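One structure below.
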Amino acid sequence: GENLLEIKDYCVTYTVDKINSYAVNHINLSLGKGETLGLVGETGAGKTTTALSIMGLLPKYGVKTSGEIWFDGQQLTGMKEKDYRKIRGKRISMIFQDPMTALNPVFRVGDQIADVIKIHNPKLSHGEVGEKVDEIMKMVGIPPERKVEYPHQFSGGMRQRIVIAIAIACNPDLLLADEPTTALDVTIQAQVIKMMKNLQKELNSSVILITHDLGIVANFCDKVAIMYGGEIVESGTLEDIFDKSLPHHPYTIGLFDSLPNITEKTDRLKPIKGLTPHPSELPDGCKFHPRCPQCMDKCKSGDNPELYIDGTHCIQCHLYSKGDK
Ligand code: SF4
């Protein structure tokens, strides 16, 4: 059917002091209504730039984009700010990593939730807005009586629930969650993810969950896209990505090997060697080649490896490219 979100051959280049950073390179993504996508990779892989692009929040200067982003039949790329304001916060909203920057310390949390509801539903009466605030606070597991409190009176996990309440206040079609639980400790993380999953099902929102943590993806997402050096190096359904009997991009294999595994001894933990390249210093050839344990001569130069495609599963690697066999 029709996709809610469709990203086509999209690129973002930042230019600072005449140095170009290729933050996002020719990515393609699609997301249906009610689907959840995990966008996985290390810092600097292009995940946040992708999310800010969808939100229309890229910096105004020093940024060049190409390609297209379609949302529910409208093209977002190049949309006027005045039109974007009707979508942002209402039809598409975003949860950021640090709840303190997303909340205003001097306003009561209930008023901050009410503000979003009022902006997008100017016809609601004072009483109706109040009822909606109570309802949303209950949905995120906070007693509505606490709406008169200020952000600093809540724990980290509770604050992130308030941020989520603000993000879902208008029942968005698409929710972007950028490392929503990274700042929280592990048990609270699991609770917040479980709550988000329940909300997502209840509201039938589409969600893009940005994370470096494949464990969170396993509990949340239908689809997965693995980003490296501004590119999507592997994508597929959750089953495609988590099925060890299928071929995988060496970077994906590295991510799995670096996951703490509760069923095995942790001395098997193998972090991926080397660092994610800065987007201004991407290598030629396959962007992963300086870190790849299976690197071959042809990986070190030339164009990107041709995509290997098997149904819903895609891998960008010479090990599997058709023309290479
Ligand atoms: Fe490794 Fe080559 Fe595949 Fe890149 S193309 S991931 S360097 S094997």
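Lettering and numbering for the structure tokens are positional, with chains as A, B, ... in the shown order, residues counted from 1 in each chain, and ligands counted from 1 in the shown order.
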
Using only C-alpha atoms and all ligand atoms, tabulate the residues of chain A lying at most 8 Å from any atom of ligand 1, each with its closest atom pair and that distance in Å to one decimal, by chain and increasing residue number, as JSON lines.
```
{"residue": "A:His249", "atom": "CA", "partner": "ligand 1", "partner_atom_place_in_ligand_line": "6 (S)", "distance": 5.9}
{"residue": "A:Pro250", "atom": "CA", "partner": "ligand 1", "partner_atom_place_in_ligand_line": "6 (S)", "distance": 5.2}
{"residue": "A:Tyr251", "atom": "CA", "partner": "ligand 1", "partner_atom_place_in_ligand_line": "6 (S)", "distance": 6.5}
{"residue": "A:Gly285", "atom": "CA", "partner": "ligand 1", "partner_atom_place_in_ligand_line": "4 (Fe)", "distance": 7.8}
{"residue": "A:Cys286", "atom": "CA", "partner": "ligand 1", "partner_atom_place_in_ligand_line": "4 (Fe)", "distance": 4.6}
{"residue": "A:Lys287", "atom": "CA", "partner": "ligand 1", "partner_atom_place_in_ligand_line": "4 (Fe)", "distance": 6.7}
{"residue": "A:Phe288", "atom": "CA", "partner": "ligand 1", "partner_atom_place_in_ligand_line": "4 (Fe)", "distance": 5.2}
{"residue": "A:His289", "atom": "CA", "partner": "ligand 1", "partner_atom_place_in_ligand_line": "7 (S)", "distance": 3.6}
{"residue": "A:Pro290", "atom": "CA", "partner": "ligand 1", "partner_atom_place_in_ligand_line": "7 (S)", "distance": 7.1}
{"residue": "A:Arg291", "atom": "CA", "partner": "ligand 1", "partner_atom_place_in_ligand_line": "7 (S)", "distance": 7.6}
{"residue": "A:Cys292", "atom": "CA", "partner": "ligand 1", "partner_atom_place_in_ligand_line": "1 (Fe)", "distance": 4.6}
{"residue": "A:Pro293", "atom": "CA", "partner": "ligand 1", "partner_atom_place_in_ligand_line": "1 (Fe)", "distance": 6.7}
{"residue": "A:Gln294", "atom": "CA", "partner": "ligand 1", "partner_atom_place_in_ligand_line": "8 (S)", "distance": 4.8}
{"residue": "A:Cys295", "atom": "CA", "partner": "ligand 1", "partner_atom_place_in_ligand_line": "7 (S)", "distance": 4.0}
{"residue": "A:Met296", "atom": "CA", "partner": "ligand 1", "partner_atom_place_in_ligand_line": "2 (Fe)", "distance": 5.6}
{"residue": "A:Lys298", "atom": "CA", "partner": "ligand 1", "partner_atom_place_in_ligand_line": "2 (Fe)", "distance": 7.2}
{"residue": "A:Cys299", "atom": "CA", "partner": "ligand 1", "partner_atom_place_in_ligand_line": "2 (Fe)", "distance": 4.4}
{"residue": "A:Lys300", "atom": "CA", "partner": "ligand 1", "partner_atom_place_in_ligand_line": "7 (S)", "distance": 7.0}
{"residue": "A:Asn304", "atom": "CA", "partner": "ligand 1", "partner_atom_place_in_ligand_line": "5 (S)", "distance": 7.7}
{"residue": "A:Pro305", "atom": "CA", "partner": "ligand 1", "partner_atom_place_in_ligand_line": "5 (S)", "distance": 5.8}
{"residue": "A:Gln316", "atom": "CA", "partner": "ligand 1", "partner_atom_place_in_ligand_line": "5 (S)", "distance": 7.0}
{"residue": "A:Cys317", "atom": "CA", "partner": "ligand 1", "partner_atom_place_in_ligand_line": "3 (Fe)", "distance": 3.7}
{"residue": "A:His318", "atom": "CA", "partner": "ligand 1", "partner_atom_place_in_ligand_line": "5 (S)", "distance": 4.2}
{"residue": "A:Leu319", "atom": "CA", "partner": "ligand 1", "partner_atom_place_in_ligand_line": "8 (S)", "distance": 5.2}
{"residue": "A:Tyr320", "atom": "CA", "partner": "ligand 1", "partner_atom_place_in_ligand_line": "3 (Fe)", "distance": 7.8}
```

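Taking CA of Pro277 in chain A and CA of Asp213 in chain A as endpoints, the distance between them is 19.0 Å.
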
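Among the candidates A:Glu281, A:Thr252, A:Lys194, A:Val116, the one nearest to Ile232 in chain A when counting only C-alpha atoms is A:Thr252.
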
Margin query: At a cut-off of 10 Å, using only C-alpha atoms, what residues contact range 156-158 of chain A? Leave out same-chain residues fewer than 4 positions from it and give the result as JSON, numbers by chain.
Written below: {"A": [98, 99, 100, 140, 141, 142, 151, 152, 162, 163, 164, 181, 183, 184, 185, 187, 188, 189, 191, 192]}

List the spatial neighbours of Arg85 in chain A as a tab-separated table (two decimals) with C-alpha atoms, in the first residue's frame - criterion: any atom at most 10 Å away, only C-alpha atoms, same-chain residues fewer than 5 positions off excluded.
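And here is the file that came out, part_16.tsv:
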```
chain	number	residue	atom	x	y	z
A	55	MET	CA	11.43	17.32	10.87
A	56	GLY	CA	12.58	20.20	8.65
A	80	LYS	CA	7.98	26.48	3.42
A	90	LYS	CA	1.25	17.60	15.19
A	91	ARG	CA	1.61	15.01	12.43
A	120	HIS	CA	-2.65	22.40	17.20
```

Note to self: Let me make sure I understand: among A:Lys244, A:Thr13, A:Asn198, A:Met79, which one has the smallest atom-to-atom distance to Thr49 in chain A if we use only C-alpha atoms?
What the structure shows: A:Thr13

Note to self: Which residues are close to range 170-175 of chain A, i.e. within 7 Å by only C-alpha atoms, leaving aside same-chain residues fewer than 4 positions away? Reply as a ChimeraX atom specification.
What the structure shows: /A:90-94,117,203,205-208

Go ahead and save the residues from that selection, with N, CA and C atoms, as a tab-separated table (two decimals), in the first residue's frame.
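Saved file part24.tsv follows:
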```tsv
chain	number	residue	atom	x	y	z
A	90	LYS	N	2.61	18.12	15.29
A	90	LYS	CA	1.25	17.60	15.19
A	90	LYS	C	1.23	16.25	14.46
A	91	ARG	N	1.64	16.27	13.19
A	91	ARG	CA	1.61	15.01	12.43
A	91	ARG	C	2.94	14.26	12.53
A	92	ILE	N	4.03	15.03	12.69
A	92	ILE	CA	5.34	14.40	12.90
A	92	ILE	C	5.93	15.01	14.16
A	93	SER	N	6.31	14.21	15.13
A	93	SER	CA	6.98	14.81	16.28
A	93	SER	C	8.21	14.00	16.65
A	94	MET	N	9.03	14.64	17.47
A	94	MET	CA	10.32	14.03	17.75
A	94	MET	C	10.61	14.03	19.25
A	117	ILE	N	-1.11	20.91	22.84
A	117	ILE	CA	-2.48	20.58	22.45
A	117	ILE	C	-3.19	21.84	21.93
A	203	LEU	N	-1.84	3.89	19.56
A	203	LEU	CA	-2.08	5.04	18.68
A	203	LEU	C	-1.92	4.68	17.20
A	205	SER	N	0.75	4.72	15.60
A	205	SER	CA	1.69	5.66	14.99
A	205	SER	C	2.79	4.88	14.30
A	206	SER	N	3.40	5.50	13.29
A	206	SER	CA	4.63	4.96	12.74
A	206	SER	C	5.77	5.55	13.55
A	207	VAL	N	6.79	4.76	13.80
A	207	VAL	CA	7.90	5.26	14.62
A	207	VAL	C	9.23	4.96	13.96
A	208	ILE	N	10.12	5.97	13.98
A	208	ILE	CA	11.52	5.71	13.64
A	208	ILE	C	12.30	5.83	14.93
```

Next item on the list: Extract, using only C-alpha atoms, all DNA, RNA and protein residues at most 8 Å from range 25-41 of chain A, discarding same-chain residues fewer than 6 positions from it, and format them as a PyMOL selection string.
Entry: chain A and resi 1-12+47+67+173+200-201+204-214+217+220-228+230-232

Can I get the selected residues back with N, CA and C atoms, as a compact mmCIF listing (two decimals), in the first residue's frame?
```
# COMPACT_ATOMS: atom_id res chain seq x y z
N GLY A 1 0.82 -1.23 0.00
CA GLY A 1 0.00 0.00 0.00
C GLY A 1 0.84 1.26 0.00
N GLU A 2 0.14 2.38 0.18
CA GLU A 2 0.81 3.68 0.21
C GLU A 2 1.72 3.77 1.43
N ASN A 3 2.92 4.27 1.23
CA ASN A 3 3.79 4.49 2.38
C ASN A 3 3.51 5.84 3.01
N LEU A 4 3.62 5.88 4.34
CA LEU A 4 3.45 7.16 5.03
C LEU A 4 4.67 8.03 4.77
N LEU A 5 5.83 7.41 4.82
CA LEU A 5 7.09 8.15 4.62
C LEU A 5 7.90 7.46 3.54
N GLU A 6 8.45 8.28 2.66
CA GLU A 6 9.25 7.72 1.57
C GLU A 6 10.46 8.65 1.38
N ILE A 7 11.64 8.10 1.59
CA ILE A 7 12.87 8.89 1.40
C ILE A 7 13.56 8.33 0.16
N LYS A 8 13.82 9.23 -0.80
CA LYS A 8 14.37 8.75 -2.07
C LYS A 8 15.69 9.42 -2.39
N ASP A 9 16.73 8.64 -2.50
CA ASP A 9 18.04 9.08 -2.94
C ASP A 9 18.44 10.41 -2.27
N TYR A 10 18.30 10.44 -0.96
CA TYR A 10 18.45 11.68 -0.21
C TYR A 10 19.88 11.86 0.30
N CYS A 11 20.40 13.09 0.15
CA CYS A 11 21.76 13.41 0.60
C CYS A 11 21.76 14.71 1.39
N VAL A 12 22.63 14.80 2.38
CA VAL A 12 22.85 16.04 3.11
C VAL A 12 24.35 16.29 3.21
N LYS A 47 22.30 9.25 11.41
CA LYS A 47 20.95 8.98 11.88
C LYS A 47 20.20 10.24 12.28
N GLY A 67 17.68 14.98 -3.40
CA GLY A 67 16.77 13.85 -3.23
C GLY A 67 15.44 14.32 -2.66
N ASP A 173 1.16 11.03 13.36
CA ASP A 173 1.24 9.88 12.44
C ASP A 173 2.63 9.28 12.49
N GLN A 200 2.66 3.03 20.99
CA GLN A 200 2.74 2.95 19.53
C GLN A 200 1.62 2.07 18.98
N LYS A 201 1.37 0.94 19.68
CA LYS A 201 0.31 0.03 19.23
C LYS A 201 -1.05 0.69 19.41
N ASN A 204 -1.37 3.50 16.94
CA ASN A 204 -1.04 3.08 15.58
C ASN A 204 -0.17 4.11 14.85
N SER A 205 0.75 4.72 15.60
CA SER A 205 1.69 5.66 14.99
C SER A 205 2.79 4.88 14.30
N SER A 206 3.40 5.50 13.29
CA SER A 206 4.63 4.96 12.74
C SER A 206 5.77 5.55 13.55
N VAL A 207 6.79 4.76 13.80
CA VAL A 207 7.90 5.26 14.62
C VAL A 207 9.23 4.96 13.96
N ILE A 208 10.12 5.97 13.98
CA ILE A 208 11.52 5.71 13.64
C ILE A 208 12.30 5.83 14.93
N LEU A 209 12.87 4.72 15.34
CA LEU A 209 13.64 4.69 16.57
C LEU A 209 15.12 4.73 16.21
N ILE A 210 15.77 5.80 16.63
CA ILE A 210 17.19 5.95 16.33
C ILE A 210 17.98 5.44 17.51
N THR A 211 18.89 4.53 17.28
CA THR A 211 19.61 3.95 18.39
C THR A 211 20.93 3.33 17.93
N HIS A 212 21.82 3.12 18.88
CA HIS A 212 23.03 2.36 18.56
C HIS A 212 22.88 0.95 19.13
N ASP A 213 21.71 0.67 19.71
CA ASP A 213 21.53 -0.54 20.51
C ASP A 213 20.59 -1.53 19.82
N LEU A 214 21.17 -2.61 19.29
CA LEU A 214 20.36 -3.61 18.59
C LEU A 214 19.40 -4.32 19.53
N VAL A 217 16.20 -2.44 19.48
CA VAL A 217 15.54 -2.66 18.19
C VAL A 217 14.75 -3.97 18.21
N PHE A 220 11.38 -3.66 19.73
CA PHE A 220 10.53 -2.55 19.34
C PHE A 220 10.14 -2.53 17.87
N CYS A 221 11.05 -2.96 16.98
CA CYS A 221 10.89 -2.58 15.57
C CYS A 221 10.44 -3.72 14.65
N ASP A 222 9.73 -3.34 13.59
CA ASP A 222 9.37 -4.28 12.52
C ASP A 222 10.46 -4.34 11.46
N LYS A 223 11.08 -3.16 11.25
CA LYS A 223 12.07 -3.05 10.18
C LYS A 223 13.35 -2.45 10.76
N VAL A 224 14.46 -2.70 10.09
CA VAL A 224 15.73 -2.18 10.58
C VAL A 224 16.53 -1.64 9.40
N ALA A 225 17.20 -0.50 9.60
CA ALA A 225 18.16 0.00 8.62
C ALA A 225 19.44 0.32 9.38
N ILE A 226 20.54 -0.26 8.91
CA ILE A 226 21.83 -0.06 9.57
C ILE A 226 22.60 1.01 8.80
N MET A 227 22.98 2.08 9.49
CA MET A 227 23.70 3.17 8.82
C MET A 227 25.17 3.17 9.19
N TYR A 228 25.99 3.47 8.18
CA TYR A 228 27.42 3.64 8.42
C TYR A 228 27.94 4.68 7.44
N GLY A 230 27.06 7.64 6.71
CA GLY A 230 26.03 8.35 5.96
C GLY A 230 25.22 7.48 5.01
N GLU A 231 25.52 6.18 4.96
CA GLU A 231 24.81 5.29 4.04
C GLU A 231 24.05 4.22 4.80
N ILE A 232 23.04 3.67 4.14
CA ILE A 232 22.37 2.49 4.71
C ILE A 232 23.08 1.28 4.14
```

Note to self: Nearest residue to Asn219 in chain A out of A:Ile309, A:Ile241, A:Ala165, A:Ile193, using only C-alpha atoms?
What the structure shows: A:Ile193

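Straight-line separation from CA of Lys86 in chain A to CA of Pro180 in chain A: 24.0 Å.
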
Next item on the list: Check the DSSP output for the backbone and give back, as an MDAnalysis selection string, the residues of range 183-267 of chain A in alpha helix (DSSP H).
Entry: chainID A and resid 186:203 214:220 238:242 250:257

Just C-alpha atoms for this one: save the residues we selected as an mmCIF file, in the first residue's frame.
```
data_model
loop_
_atom_site.group_PDB
_atom_site.id
_atom_site.type_symbol
_atom_site.label_atom_id
_atom_site.label_comp_id
_atom_site.auth_asym_id
_atom_site.auth_seq_id
_atom_site.Cartn_x
_atom_site.Cartn_y
_atom_site.Cartn_z
ATOM 1 C CA VAL A 186 19.077 0.121 32.140
ATOM 2 C CA THR A 187 15.986 -0.920 34.130
ATOM 3 C CA ILE A 188 14.276 2.431 33.504
ATOM 4 C CA GLN A 189 15.250 2.128 29.827
ATOM 5 C CA ALA A 190 13.381 -1.153 29.536
ATOM 6 C CA GLN A 191 10.277 0.341 31.181
ATOM 7 C CA VAL A 192 10.262 3.380 28.916
ATOM 8 C CA ILE A 193 10.723 1.245 25.784
ATOM 9 C CA LYS A 194 7.902 -1.066 26.861
ATOM 10 C CA MET A 195 5.646 1.917 27.473
ATOM 11 C CA MET A 196 6.547 3.411 24.077
ATOM 12 C CA LYS A 197 5.763 0.094 22.391
ATOM 13 C CA ASN A 198 2.337 -0.022 24.044
ATOM 14 C CA LEU A 199 1.613 3.586 23.074
ATOM 15 C CA GLN A 200 2.744 2.950 19.526
ATOM 16 C CA LYS A 201 0.313 0.032 19.234
ATOM 17 C CA GLU A 202 -2.495 1.957 20.868
ATOM 18 C CA LEU A 203 -2.080 5.045 18.681
ATOM 19 C CA LEU A 214 20.360 -3.608 18.589
ATOM 20 C CA GLY A 215 18.838 -4.991 21.786
ATOM 21 C CA ILE A 216 16.299 -2.152 21.883
ATOM 22 C CA VAL A 217 15.540 -2.665 18.192
ATOM 23 C CA ALA A 218 14.732 -6.332 18.822
ATOM 24 C CA ASN A 219 12.049 -5.353 21.329
ATOM 25 C CA PHE A 220 10.531 -2.549 19.335
ATOM 26 C CA LEU A 238 13.587 -7.567 11.936
ATOM 27 C CA GLU A 239 13.718 -11.249 10.929
ATOM 28 C CA ASP A 240 16.058 -10.512 7.994
ATOM 29 C CA ILE A 241 18.504 -8.680 10.222
ATOM 30 C CA PHE A 242 18.376 -11.008 13.221
ATOM 31 C CA PRO A 250 30.373 -7.112 8.032
ATOM 32 C CA TYR A 251 29.435 -3.970 9.981
ATOM 33 C CA THR A 252 26.139 -5.553 11.094
ATOM 34 C CA ILE A 253 28.043 -8.663 12.167
ATOM 35 C CA GLY A 254 30.388 -6.400 14.126
ATOM 36 C CA LEU A 255 27.447 -4.714 15.850
ATOM 37 C CA PHE A 256 26.043 -8.073 16.904
ATOM 38 C CA ASP A 257 29.427 -9.288 18.149
#
```
